[in-house]
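Participant: Provided below: my_file_9.tsv, containing TSV, C-alpha atoms.
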```tsv
chain	number	residue	atom	x	y	z
A	7	MET	CA	-80.39	-266.56	20.37
A	8	ASN	CA	-80.53	-263.85	22.97
A	9	GLN	CA	-82.93	-261.39	21.39
A	10	ASN	CA	-82.32	-258.65	23.94
A	11	GLU	CA	-78.60	-258.80	23.29
A	12	LEU	CA	-79.24	-258.89	19.54
A	13	GLN	CA	-81.43	-255.78	19.77
A	14	ARG	CA	-78.84	-254.04	21.93
A	15	LYS	CA	-76.07	-254.75	19.45
A	16	LEU	CA	-78.13	-253.68	16.46
A	17	ILE	CA	-79.11	-250.38	18.12
A	18	ALA	CA	-75.44	-249.88	19.02
A	19	ALA	CA	-74.55	-250.51	15.37
A	20	ALA	CA	-76.95	-247.77	14.30
A	21	GLN	CA	-75.38	-245.43	16.86
A	22	ALA	CA	-71.83	-246.35	15.91
A	23	GLN	CA	-72.40	-245.77	12.21
A	24	PRO	CA	-74.57	-242.66	11.91
A	25	PRO	CA	-75.63	-241.46	8.47
A	26	GLY	CA	-73.30	-239.06	6.71
A	27	ASP	CA	-73.94	-235.33	6.55
A	28	GLN	CA	-72.36	-234.74	3.18
A	29	VAL	CA	-74.20	-232.27	0.99
A	30	PRO	CA	-74.41	-232.79	-2.78
A	31	TYR	CA	-72.50	-230.28	-4.83
A	32	ALA	CA	-74.29	-226.89	-5.22
A	33	PHE	CA	-77.37	-228.17	-3.42
A	34	ASP	CA	-77.68	-224.92	-1.47
A	35	GLN	CA	-77.85	-223.01	-4.75
A	36	ARG	CA	-80.62	-225.31	-5.95
A	37	ILE	CA	-82.55	-224.55	-2.80
A	38	MET	CA	-82.09	-220.80	-3.20
A	39	ALA	CA	-83.13	-220.95	-6.86
A	40	ARG	CA	-86.28	-222.78	-5.87
A	41	LEU	CA	-87.03	-220.23	-3.14
A	42	ARG	CA	-86.46	-217.35	-5.55
A	43	SER	CA	-89.03	-218.83	-7.92
A	44	LEU	CA	-91.48	-218.78	-5.02
A	45	THR	CA	-90.93	-215.10	-4.20
A	46	VAL	CA	-91.36	-213.77	-7.74
A	47	PRO	CA	-94.97	-214.27	-8.81
A	48	ASP	CA	-95.69	-214.10	-12.53
A	49	PRO	CA	-97.94	-211.28	-13.84
A	50	LEU	CA	-100.78	-213.69	-14.51
A	51	THR	CA	-100.81	-214.74	-10.88
A	52	LEU	CA	-100.88	-211.11	-9.75
A	53	TRP	CA	-103.83	-210.36	-12.05
A	54	ASN	CA	-105.59	-213.45	-10.89
A	55	ARG	CA	-105.22	-212.42	-7.26
A	56	ALA	CA	-106.34	-208.83	-7.93
A	57	LEU	CA	-109.41	-209.93	-9.88
A	58	TRP	CA	-110.45	-212.38	-7.21
A	59	ARG	CA	-110.14	-209.70	-4.55
A	60	ALA	CA	-112.19	-207.29	-6.67
A	61	ALA	CA	-114.85	-209.94	-7.21
A	62	VAL	CA	-115.10	-210.61	-3.49
A	63	SER	CA	-115.36	-206.87	-2.75
A	64	CYS	CA	-118.10	-206.40	-5.35
A	65	LEU	CA	-120.00	-209.33	-3.94
A	66	GLY	CA	-119.78	-207.76	-0.50
A	67	VAL	CA	-121.14	-204.48	-1.78
A	68	VAL	CA	-123.99	-206.26	-3.58
A	69	LEU	CA	-124.93	-208.13	-0.44
A	70	LEU	CA	-124.85	-204.93	1.63
A	71	VAL	CA	-127.05	-203.07	-0.82
A	72	ALA	CA	-129.48	-205.98	-1.02
A	73	ALA	CA	-129.63	-206.23	2.75
A	74	SER	CA	-130.20	-202.50	3.16
A	75	SER	CA	-133.00	-202.51	0.60
A	76	PHE	CA	-134.80	-205.18	2.61
A	77	LEU	CA	-134.07	-203.91	6.08
A	78	LEU	CA	-134.26	-200.11	5.78
A	79	PRO	CA	-137.77	-198.51	5.61
A	80	ALA	CA	-138.56	-197.22	2.11
A	81	THR	CA	-139.49	-193.51	1.74
A	82	ARG	CA	-142.99	-193.27	0.19
A	83	PRO	CA	-144.67	-190.29	-1.47
A	84	ALA	CA	-147.16	-188.28	0.69
A	85	THR	CA	-150.52	-189.80	-0.23
A	86	THR	CA	-152.37	-189.65	3.07
A	87	ALA	CA	-154.28	-186.67	4.36
A	88	ALA	CA	-151.81	-186.22	7.16
A	89	ASN	CA	-148.99	-185.90	4.69
A	90	ALA	CA	-150.90	-183.71	2.24
A	91	THR	CA	-149.87	-180.58	4.10
A	92	ASN	CA	-146.16	-181.48	3.71
A	93	PRO	CA	-145.47	-181.77	0.05
A	94	GLU	CA	-142.21	-183.33	-0.90
A	95	LEU	CA	-139.17	-181.24	-1.48
A	96	SER	CA	-139.16	-182.26	-5.12
A	97	GLN	CA	-142.66	-180.96	-5.64
A	98	GLN	CA	-141.77	-177.67	-3.99
A	99	LEU	CA	-138.70	-177.32	-6.16
A	100	GLU	CA	-140.72	-178.04	-9.28
A	101	THR	CA	-143.35	-175.50	-8.31
A	102	THR	CA	-140.70	-172.83	-7.71
A	103	LEU	CA	-138.85	-173.47	-10.93
A	104	LEU	CA	-141.97	-173.44	-13.06
A	105	ALA	CA	-143.59	-170.50	-11.29
A	106	ASN	CA	-142.54	-168.13	-14.04
A	107	VAL	CA	-143.85	-170.43	-16.72
A	108	ASP	CA	-147.16	-170.96	-14.95
A	109	GLN	CA	-147.92	-167.23	-14.64
A	110	PRO	CA	-150.57	-165.79	-17.03
A	111	ALA	CA	-149.15	-164.43	-20.32
A	112	ASN	CA	-150.65	-160.93	-19.87
A	113	SER	CA	-149.07	-160.35	-16.53
A	114	THR	CA	-146.96	-157.27	-16.66
A	115	GLU	CA	-145.36	-157.66	-13.30
A	116	GLU	CA	-141.74	-158.34	-13.42
A	117	THR	CA	-140.41	-160.94	-11.11
A	118	TRP	CA	-137.04	-159.31	-10.89
B	4	MET	CA	-68.48	-210.25	12.09
B	5	GLU	CA	-70.99	-212.79	10.80
B	6	PRO	CA	-74.65	-212.01	11.36
B	7	THR	CA	-76.48	-214.18	13.89
B	8	ASP	CA	-79.35	-216.46	12.98
B	9	ALA	CA	-81.79	-213.99	14.50
B	10	GLU	CA	-80.41	-211.15	12.38
B	11	LEU	CA	-80.60	-213.23	9.21
B	12	ILE	CA	-84.16	-214.27	9.97
B	13	ALA	CA	-85.16	-210.67	10.63
B	14	ALA	CA	-83.63	-209.67	7.30
B	15	VAL	CA	-85.53	-212.39	5.45
B	16	LEU	CA	-88.80	-211.39	7.10
B	17	GLY	CA	-87.98	-207.78	6.28
B	18	GLY	CA	-87.97	-208.62	2.58
B	19	ASP	CA	-84.45	-209.83	1.84
B	20	PRO	CA	-84.73	-213.51	0.80
B	21	ALA	CA	-81.02	-213.63	-0.01
B	22	SER	CA	-80.32	-213.56	3.73
B	23	PHE	CA	-81.77	-217.06	3.92
B	24	GLU	CA	-78.79	-218.49	2.08
B	25	PRO	CA	-76.34	-218.40	5.00
B	26	LEU	CA	-78.89	-220.29	7.10
B	27	VAL	CA	-79.24	-222.90	4.37
B	28	GLN	CA	-75.48	-223.33	4.08
B	29	LYS	CA	-75.04	-223.57	7.83
B	30	TYR	CA	-77.71	-226.18	8.57
B	31	LEU	CA	-77.83	-228.23	5.36
B	32	PRO	CA	-75.45	-230.94	6.67
B	33	ARG	CA	-77.53	-231.45	9.80
B	34	VAL	CA	-80.77	-231.66	7.78
B	35	PHE	CA	-79.20	-234.14	5.38
B	36	ALA	CA	-77.93	-236.33	8.21
B	37	THR	CA	-81.39	-236.41	9.78
B	38	ALA	CA	-83.14	-237.15	6.49
B	39	ARG	CA	-80.73	-240.03	5.81
B	40	ARG	CA	-81.98	-241.77	8.94
B	41	TYR	CA	-85.42	-242.10	7.37
B	42	ALA	CA	-84.77	-242.61	3.66
B	43	ARG	CA	-82.30	-244.88	1.93
B	44	ARG	CA	-82.36	-243.61	-1.63
B	45	GLU	CA	-80.40	-240.42	-2.13
B	46	SER	CA	-83.09	-239.04	-4.46
B	47	GLU	CA	-85.65	-239.39	-1.66
B	48	VAL	CA	-83.26	-237.79	0.81
B	49	GLU	CA	-82.83	-234.79	-1.50
B	50	ASP	CA	-86.59	-234.49	-1.90
B	51	ILE	CA	-87.05	-234.46	1.85
B	52	VAL	CA	-84.33	-231.88	2.37
B	53	GLN	CA	-85.75	-229.62	-0.31
B	54	GLU	CA	-89.21	-229.93	1.24
B	55	VAL	CA	-87.77	-229.02	4.66
B	56	TRP	CA	-86.20	-225.83	3.37
B	57	LEU	CA	-89.26	-224.80	1.39
B	58	LYS	CA	-91.44	-225.24	4.45
B	59	SER	CA	-88.97	-223.43	6.70
B	60	PHE	CA	-88.91	-220.47	4.31
B	61	GLN	CA	-92.68	-220.32	4.00
B	62	LYS	CA	-93.25	-220.71	7.73
B	63	LEU	CA	-90.38	-218.53	8.90
B	64	SER	CA	-92.77	-215.92	10.26
B	65	SER	CA	-94.03	-218.53	12.75
B	66	PHE	CA	-90.55	-218.83	14.30
B	67	ARG	CA	-90.91	-217.03	17.62
B	68	GLY	CA	-87.25	-216.96	18.59
B	69	ASP	CA	-87.71	-218.33	22.11
B	70	ALA	CA	-85.59	-221.36	21.17
B	71	PRO	CA	-82.59	-221.59	18.81
B	72	PHE	CA	-83.43	-221.66	15.12
B	73	GLU	CA	-81.66	-225.02	14.87
B	74	HIS	CA	-84.19	-226.63	17.24
B	75	TRP	CA	-87.11	-225.23	15.27
B	76	LEU	CA	-85.55	-226.43	12.02
B	77	MET	CA	-84.87	-229.91	13.40
B	78	ARG	CA	-88.48	-230.21	14.57
B	79	LEU	CA	-89.61	-229.31	11.08
B	80	THR	CA	-87.15	-231.80	9.61
B	81	VAL	CA	-88.30	-234.69	11.76
B	82	ARG	CA	-91.95	-233.97	11.04
B	83	THR	CA	-91.24	-233.79	7.31
B	84	CYS	CA	-89.41	-237.12	7.52
B	85	TYR	CA	-92.37	-238.63	9.35
B	86	ASP	CA	-94.74	-237.34	6.66
B	87	PHE	CA	-92.44	-238.91	4.09
B	88	LEU	CA	-92.52	-242.28	5.88
B	89	ARG	CA	-96.30	-242.21	6.02
B	90	SER	CA	-96.69	-241.28	2.36
B	91	HIS	CA	-94.18	-243.91	1.23
B	92	GLN	CA	-95.46	-246.89	3.16
B	93	ARG	CA	-94.55	-249.66	0.84
B	94	ASN	CA	-95.05	-253.30	1.41
B	95	ARG	CA	-92.65	-253.60	4.28
B	96	GLU	CA	-92.94	-257.34	4.57
B	97	THR	CA	-89.70	-258.66	3.15
B	98	ALA	CA	-88.78	-262.09	4.23
B	99	PHE	CA	-85.69	-262.57	6.30
B	100	THR	CA	-84.67	-265.29	3.88
B	101	GLU	CA	-83.66	-262.39	1.64
B	102	LEU	CA	-80.83	-261.45	3.97
B	103	THR	CA	-77.56	-260.69	2.26
B	104	SER	CA	-74.51	-262.85	2.87
B	105	THR	CA	-72.99	-260.03	4.96
B	106	GLU	CA	-76.02	-260.02	7.21
B	107	THR	CA	-76.21	-263.79	7.57
B	108	ASP	CA	-72.48	-263.98	8.30
B	109	TRP	CA	-72.84	-261.46	11.07
B	110	LEU	CA	-75.86	-263.28	12.51
B	111	GLU	CA	-74.05	-266.58	12.47
B	112	ARG	CA	-71.12	-265.03	14.28
B	113	PHE	CA	-73.52	-263.51	16.81
B	114	VAL	CA	-74.99	-266.94	17.54
B	115	THR	CA	-71.77	-268.91	17.60
B	116	ALA	CA	-69.30	-266.35	18.96
B	117	PRO	CA	-71.11	-263.16	20.05
B	118	GLU	CA	-67.90	-261.34	20.96
B	119	THR	CA	-66.81	-261.45	17.31
B	120	ALA	CA	-70.09	-259.92	16.08
B	121	THR	CA	-69.13	-256.28	16.62
B	122	GLU	CA	-71.39	-253.27	16.35
B	123	THR	CA	-69.11	-251.67	13.81
B	124	ALA	CA	-69.51	-254.51	11.33
B	125	ALA	CA	-71.25	-253.76	8.06
B	126	GLY	CA	-73.57	-256.74	8.53
B	127	ALA	CA	-74.95	-255.27	11.76
B	128	LYS	CA	-75.60	-251.92	10.13
B	129	GLN	CA	-77.33	-253.54	7.17
B	130	LEU	CA	-79.45	-255.64	9.48
B	131	ILE	CA	-80.64	-252.74	11.63
B	132	ASP	CA	-81.41	-250.70	8.50
B	133	ARG	CA	-83.48	-253.60	7.17
B	134	ILE	CA	-85.37	-253.92	10.45
B	135	LEU	CA	-86.04	-250.18	10.65
B	136	GLU	CA	-87.43	-250.20	7.11
B	137	GLN	CA	-89.92	-252.84	8.12
B	138	LEU	CA	-91.26	-250.93	11.08
B	139	SER	CA	-94.39	-248.79	10.79
B	140	PRO	CA	-93.70	-245.05	10.36
B	141	SER	CA	-94.46	-244.15	13.97
B	142	ALA	CA	-92.49	-247.12	15.30
B	143	ARG	CA	-89.51	-246.24	13.13
B	144	LEU	CA	-89.64	-242.64	14.27
B	145	ILE	CA	-89.85	-243.58	17.94
B	146	ILE	CA	-87.09	-246.21	17.77
B	147	THR	CA	-84.84	-243.76	15.91
B	148	LEU	CA	-85.40	-240.89	18.32
B	149	LEU	CA	-85.69	-242.86	21.56
B	150	GLU	CA	-83.31	-245.79	21.15
B	151	ILE	CA	-80.78	-244.69	18.54
B	152	GLU	CA	-80.56	-240.97	19.24
B	153	GLU	CA	-81.35	-241.52	22.95
B	154	ARG	CA	-83.65	-238.55	23.28
B	155	SER	CA	-85.94	-238.19	26.26
B	156	VAL	CA	-89.69	-238.71	26.03
B	157	LYS	CA	-90.22	-235.00	26.67
B	158	GLU	CA	-87.86	-234.06	23.83
B	159	ILE	CA	-89.61	-236.45	21.48
B	160	ALA	CA	-92.97	-234.96	22.45
B	161	GLN	CA	-91.64	-231.47	21.63
B	162	ILE	CA	-90.12	-232.59	18.33
B	163	THR	CA	-93.11	-234.55	17.09
B	164	GLY	CA	-95.89	-232.46	18.59
B	165	TRP	CA	-97.31	-235.57	20.28
B	166	SER	CA	-98.32	-235.56	23.92
B	167	VAL	CA	-96.02	-237.26	26.43
B	168	PRO	CA	-98.53	-240.09	27.12
B	169	LEU	CA	-98.86	-240.68	23.38
B	170	VAL	CA	-95.10	-240.90	23.01
B	171	LYS	CA	-94.98	-243.48	25.81
B	172	VAL	CA	-97.75	-245.56	24.26
B	173	ARG	CA	-96.08	-245.44	20.86
B	174	ALA	CA	-92.72	-246.32	22.40
B	175	PHE	CA	-94.26	-249.39	24.03
B	176	ARG	CA	-95.80	-250.46	20.72
B	177	ALA	CA	-92.64	-249.70	18.76
B	178	ARG	CA	-90.51	-251.88	21.03
B	179	ALA	CA	-93.04	-254.70	20.75
B	180	GLU	CA	-93.03	-254.35	16.99
B	181	MET	CA	-89.25	-254.53	16.89
B	182	ARG	CA	-89.17	-257.61	19.15
B	183	LYS	CA	-91.69	-259.27	16.85
B	184	LEU	CA	-89.50	-258.56	13.82
B	185	LEU	CA	-86.37	-259.90	15.48
B	186	ALA	CA	-88.29	-263.03	16.46
B	187	LYS	CA	-89.02	-263.64	12.78
B	188	LEU	CA	-85.38	-264.42	12.09
B	189	PRO	CA	-85.17	-268.02	10.86
B	190	ARG	CA	-85.48	-269.93	14.13
B	191	GLU	CA	-84.35	-273.24	12.70
B	192	LYS	CA	-81.12	-271.65	11.61
B	193	TYR	CA	-80.20	-269.50	14.57
B	194	LEU	CA	-81.74	-271.08	17.63
```
What is this file in structure tokens?
Facilitator:
Amino acid sequence: MNQNELQRKLIAAAQAQPPGDQVPYAFDQRIMARLRSLTVPDPLTLWNRALWRAAVSCLGVVLLVAASSFLLPATRPATTAANATNPELSQQLETTLLANVDQPANSTEETW
Amino acid sequence: MEPTDAELIAAVLGGDPASFEPLVQKYLPRVFATARRYARRESEVEDIVQEVWLKSFQKLSSFRGDAPFEHWLMRLTVRTCYDFLRSHQRNRETAFTELTSTETDWLERFVTAPETATETAAGAKQLIDRILEQLSPSARLIITLLEIEERSVKEIAQITGWSVPLVKVRAFRARAEMRKLLAKLPREKYL
């Protein structure tokens, strides 16, 4: 048996009788229905997506804050002699606010 | 005037999925014909076709428009068919003693009187379908594209995404695989 000729004839048979292109009835509508189900997400899916995004954002903020607390220099209260002449703003504010209270009771001077 | 493919695609990408329907209606026959080259059962063909359209819809934004939409769709179809062949690799070894009477009749005519064994005979078609089913997925794809559809190596490389040298290597192997299958025909009967 001439195998080359056999192969040639069989390939020619495949070419001579190509598969049909008939489309089953309403198949295009089935496709479109399937695609429509893809484009309309259900509410649960939307919530799921939103919550995951929020969780990722929160995690990012947490990591940033943690990193900044390690990397940035912390502000310390003035305890050294060099800093004693520059009291903190909070101390100054406290002194000012309580100045009236700290004055002696028999003082007759009005402050205003 | 009917909108062009490019206009329909732009509408779909602009948020109008209904514009995809004319594309589906226009190219469904071509996709079905291609899928039927790689699957015998109609249920499998329908699965492949549905998969093709789902993928084309989801990946439509990747269509650049520098080639006709039909070419892009056919590339997607062939690749989906190839994925199907790979995922449905059954035991392809069916003995040639299971040939139908139509196939054996045609083979006998080919041996005894080759001019009567025509290419249009049902036996020839059944025989080539049987042989193609027994090829490996890549061999079947190459033989279908290269030998049956007579595409060039460069076209096959573009369709499959394989490099040209890889297509040539696979073509060499596919032809050897096919020769090996044809040689398995019962020698004592047909030699």
Participant: Would you compute the distance between atom CA of Glu45 of chain B and atom CA of Gln161 of chain B? Give it in Å to one decimal.
Facilitator: 27.8 Å
Participant: Check which residues of chain B sit at most 8 Å from chain A using all atoms listed in the file, and return one row each with the closest pair of atoms and their distance in Å to one decimal, ordered by chain and rising number, as a Markdown table.
Facilitator:
```
| residue | atom | partner | partner_atom | distance |
| --- | --- | --- | --- | --- |
| B:Pro20 | CA | A:Arg42 | CA | 7.6 |
| B:Ala21 | CA | A:Met38 | CA | 7.9 |
| B:Glu24 | CA | A:Met38 | CA | 6.6 |
| B:Val27 | CA | A:Asp34 | CA | 6.4 |
| B:Gln28 | CA | A:Asp34 | CA | 6.2 |
| B:Leu31 | CA | A:Val29 | CA | 7.0 |
| B:Pro32 | CA | A:Asp27 | CA | 4.6 |
| B:Arg33 | CA | A:Asp27 | CA | 6.2 |
| B:Val34 | CA | A:Asp27 | CA | 7.9 |
| B:Phe35 | CA | A:Asp27 | CA | 5.5 |
| B:Ala36 | CA | A:Asp27 | CA | 4.4 |
| B:Thr37 | CA | A:Pro25 | CA | 7.8 |
| B:Arg39 | CA | A:Pro25 | CA | 5.9 |
| B:Arg40 | CA | A:Pro25 | CA | 6.4 |
| B:Gln53 | CA | A:Ile37 | CA | 6.5 |
| B:Trp56 | CA | A:Ile37 | CA | 7.3 |
| B:Leu57 | CA | A:Leu41 | CA | 6.8 |
| B:Phe60 | CA | A:Leu41 | CA | 7.7 |
| B:Phe113 | CA | A:Leu12 | CA | 7.8 |
| B:Val114 | CA | A:Met7 | CA | 6.1 |
| B:Thr121 | CA | A:Lys15 | CA | 7.6 |
| B:Glu122 | CA | A:Ala19 | CA | 4.3 |
| B:Thr123 | CA | A:Ala19 | CA | 5.8 |
| B:Ala124 | CA | A:Ala19 | CA | 7.6 |
| B:Ala127 | CA | A:Leu16 | CA | 5.9 |
| B:Lys128 | CA | A:Ala19 | CA | 5.5 |
| B:Leu130 | CA | A:Leu16 | CA | 7.4 |
| B:Ile131 | CA | A:Leu16 | CA | 5.5 |
| B:Asp132 | CA | A:Ala20 | CA | 7.9 |
| B:Glu150 | CA | A:Ile17 | CA | 6.9 |
| B:Ile151 | CA | A:Gln21 | CA | 5.7 |
| B:Glu152 | CA | A:Gln21 | CA | 7.2 |
| B:Arg182 | CA | A:Gln9 | CA | 7.6 |
| B:Leu185 | CA | A:Gln9 | CA | 7.0 |
| B:Ala186 | CA | A:Gln9 | CA | 7.5 |
| B:Tyr193 | CA | A:Met7 | CA | 6.5 |
| B:Leu194 | CA | A:Met7 | CA | 5.5 |
```
Participant: At what distance in Å, to one decimal, does atom CA of Leu52 of chain A lie from atom CA of Lys62 of chain B?
Facilitator: 21.4 Å
Participant: With a distance cut-off of 9 Å and all atoms listed in the file, select the neighbouring residues of segment 76-84 of chain B, excluding the residue or stretch itself and same-chain residues fewer than 4 positions from it, and output the selection as a VMD selection string.
Facilitator: chain B and resid 30 33 to 34 37 to 38 40 to 42 51 to 52 54 to 56 58 to 59 71 to 72 88 to 89 144 161 to 164
Participant: Tell me, in Å to one decimal, how far atom CA of Ala116 of chain B is from atom CA of Lys187 of chain B.
Facilitator: 20.8 Å
Participant: Between B:Leu26, B:Ala14, B:Glu106, B:Val172, which is the closest to Glu73 of chain B once you count only C-alpha atoms?
Facilitator: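 Smallest distance to Glu73 of chain B is found for B:Leu26.
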